[in-house]
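Q: Structure file coords.tsv, TSV, C-alpha atoms, is pasted below:
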chain	number	residue	atom	x	y	z
H	150	MET	CA	0.00	0.00	0.00
H	151	THR	CA	1.06	3.54	-0.58
H	152	MET	CA	-0.20	7.05	-0.09
H	153	GLN	CA	0.82	9.72	-2.58
H	154	ILE	CA	-0.67	13.08	-3.39
H	155	GLY	CA	0.31	15.01	-6.50
H	156	MET	CA	-0.62	18.70	-6.63
H	157	VAL	CA	-0.26	21.13	-9.50
H	158	ALA	CA	0.90	24.50	-8.17
H	159	THR	CA	0.92	27.96	-9.76
H	160	ASN	CA	4.68	27.61	-10.28
H	161	GLY	CA	5.23	23.86	-10.53
H	162	VAL	CA	4.26	20.58	-8.90
H	163	VAL	CA	4.43	19.08	-5.39
H	164	ILE	CA	4.32	15.34	-4.73
H	165	ALA	CA	4.03	14.13	-1.14
H	166	SER	CA	4.55	10.43	-0.49
H	167	ASP	CA	5.14	7.84	2.16
H	168	THR	CA	8.27	5.66	1.95
H	169	LYS	CA	6.99	2.20	2.95
H	170	TRP	CA	7.30	-0.65	0.46
H	171	TYR	CA	5.40	-3.91	0.93
H	172	ASP	CA	6.45	-7.21	-0.61
H	173	ASP	CA	5.34	-10.83	-0.31
H	174	THR	CA	6.81	-12.26	-3.52
H	175	SER	CA	9.26	-14.42	-1.57
H	176	GLY	CA	6.41	-16.05	0.33
H	177	VAL	CA	7.16	-14.03	3.46
H	178	ARG	CA	5.35	-10.75	3.99
H	179	HIS	CA	7.75	-7.92	4.77
H	180	THR	CA	8.13	-4.16	4.47
H	181	SER	CA	11.01	-1.80	3.86
H	182	SER	CA	11.53	1.95	3.75
H	183	SER	CA	13.15	3.81	0.86
H	184	THR	CA	12.44	6.66	-1.51
H	185	LYS	CA	9.62	6.29	-3.99
H	186	HIS	CA	11.05	8.95	-6.28
H	187	CYS	CA	13.59	8.80	-9.07
H	188	MET	CA	14.61	11.87	-11.03
H	189	ASP	CA	17.11	13.70	-13.19
H	190	SER	CA	16.96	17.37	-12.28
H	191	ALA	CA	19.24	18.42	-15.12
H	192	ARG	CA	16.88	16.87	-17.68
H	193	GLY	CA	13.76	18.11	-15.88
H	194	ILE	CA	12.14	14.76	-15.17
H	195	ALA	CA	10.95	13.04	-12.00
H	196	VAL	CA	8.81	9.99	-11.31
H	197	ALA	CA	7.04	8.95	-8.10
H	198	CYS	CA	6.27	5.22	-7.91
H	199	SER	CA	3.51	3.32	-6.14
H	200	GLY	CA	1.73	0.00	-6.22
H	201	SER	CA	3.86	-3.07	-6.83
H	202	ASP	CA	7.64	-2.92	-6.79
H	203	VAL	CA	7.67	-3.06	-10.60
H	204	SER	CA	6.73	0.63	-10.56
H	205	ARG	CA	10.31	1.40	-9.50
H	206	LEU	CA	11.64	-0.40	-12.56
H	207	VAL	CA	9.25	1.49	-14.81
H	208	GLY	CA	9.98	4.83	-13.15
H	209	GLN	CA	13.74	4.47	-13.43
H	210	LYS	CA	13.48	3.41	-17.06
H	211	ILE	CA	11.30	6.42	-17.86
H	212	VAL	CA	13.84	8.75	-16.24
H	213	GLU	CA	16.70	7.14	-18.14
H	214	GLU	CA	15.10	6.69	-21.55
H	215	LEU	CA	12.40	9.30	-22.17
H	216	ALA	CA	13.80	11.73	-24.75
H	217	ILE	CA	13.53	15.43	-24.05
H	218	GLU	CA	11.91	15.95	-27.45
H	219	ASP	CA	9.04	13.73	-26.26
H	220	TYR	CA	8.23	15.89	-23.23
H	221	SER	CA	5.63	17.94	-25.11
H	222	ASN	CA	3.66	14.80	-26.04
H	223	PRO	CA	4.95	11.90	-23.92
H	224	ARG	CA	2.01	9.46	-24.08
H	225	PHE	CA	3.33	7.08	-26.73
H	226	SER	CA	6.93	6.93	-25.51
H	227	VAL	CA	5.99	6.54	-21.83
H	228	THR	CA	3.53	3.77	-22.66
H	229	GLN	CA	6.10	1.93	-24.76
H	230	ILE	CA	8.65	2.14	-21.97
H	231	ALA	CA	6.13	0.77	-19.49
H	232	LYS	CA	5.14	-2.06	-21.84
H	233	SER	CA	8.76	-3.17	-22.15
H	234	ILE	CA	8.68	-4.08	-18.44
H	235	VAL	CA	5.07	-4.69	-17.44
H	236	GLY	CA	4.32	-6.66	-20.60
H	237	ARG	CA	6.75	-9.37	-19.47
H	238	LEU	CA	4.93	-9.96	-16.19
H	239	ASP	CA	2.03	-12.32	-15.51
H	240	HIS	CA	0.17	-10.00	-13.17
H	241	THR	CA	0.83	-6.65	-11.57
H	242	PHE	CA	-0.64	-3.28	-10.77
H	243	ALA	CA	1.59	-0.26	-10.56
H	244	SER	CA	1.31	3.50	-10.84
H	245	CYS	CA	3.60	6.42	-11.51
H	246	LEU	CA	3.26	10.18	-11.19
H	247	ILE	CA	5.50	11.82	-13.79
H	248	VAL	CA	6.72	15.42	-13.73
H	249	LEU	CA	8.23	16.97	-16.86
H	250	ARG	CA	9.76	20.43	-17.28
H	251	GLY	CA	9.90	21.87	-20.78
H	252	ASN	CA	9.00	24.96	-22.80
H	253	ASN	CA	8.91	27.09	-19.64
H	254	CYS	CA	6.22	24.98	-17.97
H	255	ILE	CA	6.09	22.07	-15.51
H	256	ARG	CA	3.46	19.39	-16.13
H	257	LEU	CA	2.15	16.46	-14.08
H	258	PHE	CA	1.07	13.15	-15.63
H	259	SER	CA	-0.25	9.89	-14.17
H	260	LEU	CA	0.37	6.37	-15.43
H	261	ASP	CA	-1.58	3.34	-14.19
H	262	MET	CA	-0.39	-0.08	-15.36
H	263	LYS	CA	-1.91	-3.53	-15.51
H	264	VAL	CA	-1.02	-6.32	-17.90
H	265	ASN	CA	-1.98	-5.08	-21.38
H	266	GLU	CA	-3.73	-2.04	-19.90
H	267	TYR	CA	-2.16	1.41	-19.59
H	268	ASP	CA	-3.94	4.59	-18.53
H	269	PHE	CA	-1.87	7.73	-19.14
H	270	CYS	CA	-3.17	11.28	-18.77
H	271	GLU	CA	-2.15	14.79	-17.79
H	272	GLN	CA	-3.28	16.12	-14.42
H	273	ASN	CA	-4.31	19.73	-13.87
H	274	GLY	CA	-5.14	19.74	-10.17
H	275	ILE	CA	-4.83	17.13	-7.43
H	276	ILE	CA	-4.45	13.36	-7.81
H	277	TRP	CA	-4.10	10.45	-5.40
H	278	LYS	CA	-2.24	7.18	-5.72
H	279	GLY	CA	-2.22	4.18	-3.42
H	280	ASP	CA	-4.72	4.03	-0.56
H	281	ILE	CA	-7.21	6.36	-2.24
H	282	THR	CA	-10.04	5.33	0.11
H	283	ASN	CA	-8.05	6.49	3.15
H	284	SER	CA	-10.02	9.13	5.08
H	285	ALA	CA	-6.96	11.42	5.04
H	286	VAL	CA	-7.79	12.33	1.44
H	287	PHE	CA	-10.32	14.69	3.00
H	288	PHE	CA	-7.63	17.29	3.59
H	289	GLY	CA	-6.64	17.52	-0.04
H	290	GLU	CA	-10.22	17.42	-1.28
H	291	ALA	CA	-11.25	20.15	1.14
H	292	TYR	CA	-8.26	22.50	1.12
H	293	TYR	CA	-6.31	22.10	-2.11
H	294	SER	CA	-6.24	25.00	-4.55
H	295	ARG	CA	-3.61	26.19	-6.98
H	296	ARG	CA	-1.02	28.03	-4.94
H	297	PRO	CA	2.78	28.34	-5.04
H	298	THR	CA	4.64	25.13	-4.25
H	299	ASN	CA	5.78	26.34	-0.81
H	300	ASP	CA	2.16	26.93	0.19
H	301	LEU	CA	1.25	23.29	-0.51
H	302	LEU	CA	3.91	21.64	1.63
H	303	VAL	CA	1.98	21.55	4.90
H	304	LEU	CA	-1.12	20.19	3.16
H	305	GLY	CA	0.90	17.42	1.53
H	306	ALA	CA	2.75	16.48	4.71
H	307	HIS	CA	-0.32	16.53	6.94
H	308	THR	CA	-2.22	14.33	4.50
H	309	ILE	CA	0.50	11.66	4.39
H	310	LEU	CA	1.09	11.70	8.14
H	311	THR	CA	-2.63	11.45	8.85
H	312	ALA	CA	-2.97	8.63	6.31
H	313	GLU	CA	-0.32	6.66	8.21
H	314	LYS	CA	-2.41	6.90	11.39
H	315	ARG	CA	-5.37	5.45	9.47
H	316	ASN	CA	-3.35	2.64	7.85
H	317	SER	CA	-0.05	2.13	9.62
H	318	GLY	CA	0.35	-1.35	8.18
H	319	GLY	CA	0.55	-0.09	4.62
H	320	ILE	CA	1.71	3.52	4.94
H	321	GLY	CA	4.74	4.92	6.72
H	322	GLY	CA	7.39	7.61	6.46
H	323	LEU	CA	7.35	10.91	4.59
H	324	GLU	CA	9.08	12.49	1.62
H	325	ILE	CA	8.13	15.51	-0.48
H	326	LEU	CA	9.31	16.35	-3.98
H	327	VAL	CA	9.14	20.01	-5.03
H	328	CYS	CA	9.36	20.80	-8.73
H	329	ASN	CA	9.47	24.49	-9.63
H	330	GLU	CA	11.55	27.12	-11.39
H	331	GLU	CA	14.39	26.51	-8.92
H	332	GLY	CA	14.69	22.84	-9.90
H	333	PHE	CA	13.56	19.41	-8.72
H	334	ASN	CA	14.36	18.75	-5.06
H	335	LEU	CA	13.45	16.30	-2.31
H	336	LEU	CA	13.04	18.11	0.99
H	337	SER	CA	15.75	17.51	3.58
H	338	GLU	CA	15.11	15.64	6.81
H	339	SER	CA	15.25	18.88	8.78
H	340	GLU	CA	12.62	20.42	6.50
H	341	LEU	CA	10.45	17.32	6.90
H	342	ASP	CA	10.83	17.52	10.70
H	343	GLU	CA	9.45	21.07	10.61
H	344	LEU	CA	6.46	19.84	8.62
H	345	ARG	CA	5.95	16.93	11.05
H	346	ASN	CA	5.90	19.41	13.95
H	347	THR	CA	3.40	21.60	12.12
H	348	SER	CA	1.21	18.58	11.39
H	349	ALA	CA	1.25	17.59	15.07
H	350	LYS	CA	0.17	21.12	16.05
H	351	ILE	CA	-2.66	20.99	13.52
H	352	GLU	CA	-3.91	17.72	14.96
H	353	ALA	CA	-3.65	19.04	18.52
H	354	PHE	CA	-5.65	22.13	17.53
H	355	GLU	CA	-8.30	19.97	15.85
H	356	ARG	CA	-8.68	17.79	18.93
H	357	GLU	CA	-8.84	20.78	21.27
H	358	SER	CA	-11.40	22.53	19.05
H	359	LEU	CA	-13.58	19.41	19.15
H	360	GLY	CA	-13.22	19.06	22.91
H	361	ILE	CA	-11.27	15.81	22.60
H	362	ARG	CA	-8.55	15.11	25.15
Written as structure tokens, that's how I'd like the structure from this file.
A:
Amino acid sequence: MTMQIGMVATNGVVIASDTKWYDDTSGVRHTSSSTKHCMDSARGIAVACSGSDVSRLVGQKIVEELAIEDYSNPRFSVTQIAKSIVGRLDHTFASCLIVLRGNNCIRLFSLDMKVNEYDFCEQNGIIWKGDITNSAVFFGEAYYSRRPTNDLLVLGAHTILTAEKRNSGGIGGLEILVCNEEGFNLLSESELDELRNTSAKIEAFERESLGIR
């Protein structure tokens, strides 16, 4: 399970994600924690991966192989790259959020993959991947609007951290990718700690306002 939220900003894109990976392919159920993003800032491309572990293979291959001249219309090339990996598998479900910078604009795309089924489209607002029935999606649905990337960080962090409380078995950790005119950057641990503290204060205020101790 995963929780990711992609948000189109006035000056770029923000993707907030957990970092927990789940795997039972070896016959033993286990989890691990690592980044769900791969990117090449110099080429203006980043991919956030969710669903099965195959999404990491697809994401890395997109970052490595998608030609810059395809950024303006990436559907065919992205789908072909995905097919070269997913098409060899018997069963899987995986998703990617793809950010591309070109022609003075930053665009967000989503890719959902099943065997012989690929759904690729551009996103113009907010999109969820992973545990999309998690009640934490309320925050994005209620409070998202197009604002500068820095103004969306607390919303993204609070959503992911709240989602973990609702589904700790499948969601855990926090990372945030900021894509704007300054480049593509994952927030540092100290920056994430500030957002965690802010999220905790928001929750405390909510509980106090509702008279919950």
Q: Find the residue from H:Ser183, H:Glu338, H:Glu331, H:Gly155 that sits nearest to Thr168 (chain H); use only C-alpha atoms when measuring.
A: H:Ser183
Q: Applying 8 Å and only C-alpha atoms, which residues near Lys185 (chain H) remain after dropping the ones on its own chain fewer than 4 positions away? List them as a JSON list (two decimals) with C-alpha atoms, keeping the file's coordinate frame.
A:
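Now in out_12.json:
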[["chain", "number", "residue", "atom", "x", "y", "z"],
["H", 166, "SER", "CA", 4.55, 10.43, -0.49],
["H", 167, "ASP", "CA", 5.14, 7.84, 2.16],
["H", 168, "THR", "CA", 8.27, 5.66, 1.95],
["H", 197, "ALA", "CA", 7.04, 8.95, -8.10],
["H", 198, "CYS", "CA", 6.27, 5.22, -7.91],
["H", 199, "SER", "CA", 3.51, 3.32, -6.14],
["H", 205, "ARG", "CA", 10.31, 1.40, -9.50]]
Q: Quick one, how far is CA of Gly208 (chain H) from CA of Gly318 (chain H)?
A: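 CA of Gly318 (chain H) lies at a distance of 24.2 Å from CA of Gly208 (chain H).
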Q: Around the point (-6.1, 5.5, -18.8), in the coordinates given by the file, pick out the residues reaching within 12 Å, counting all atoms listed in the file, and return them as a PyMOL selection string.
A: chain H and resi 224+228+244+258-263+265-272
Q: Which one of H:Leu304, H:Ile194, H:Asp280, H:Thr298 sits closest to Ser317 (chain H) if you count only C-alpha atoms?
A: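 Nearest candidate to Ser317 (chain H) out of H:Leu304, H:Ile194, H:Asp280, H:Thr298: H:Asp280.
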Q: For CA of Glu330 (chain H) and CA of Leu249 (chain H), determine how far apart the two atoms are, in Å to one decimal place.
A: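 So the answer is 12.0 Å.
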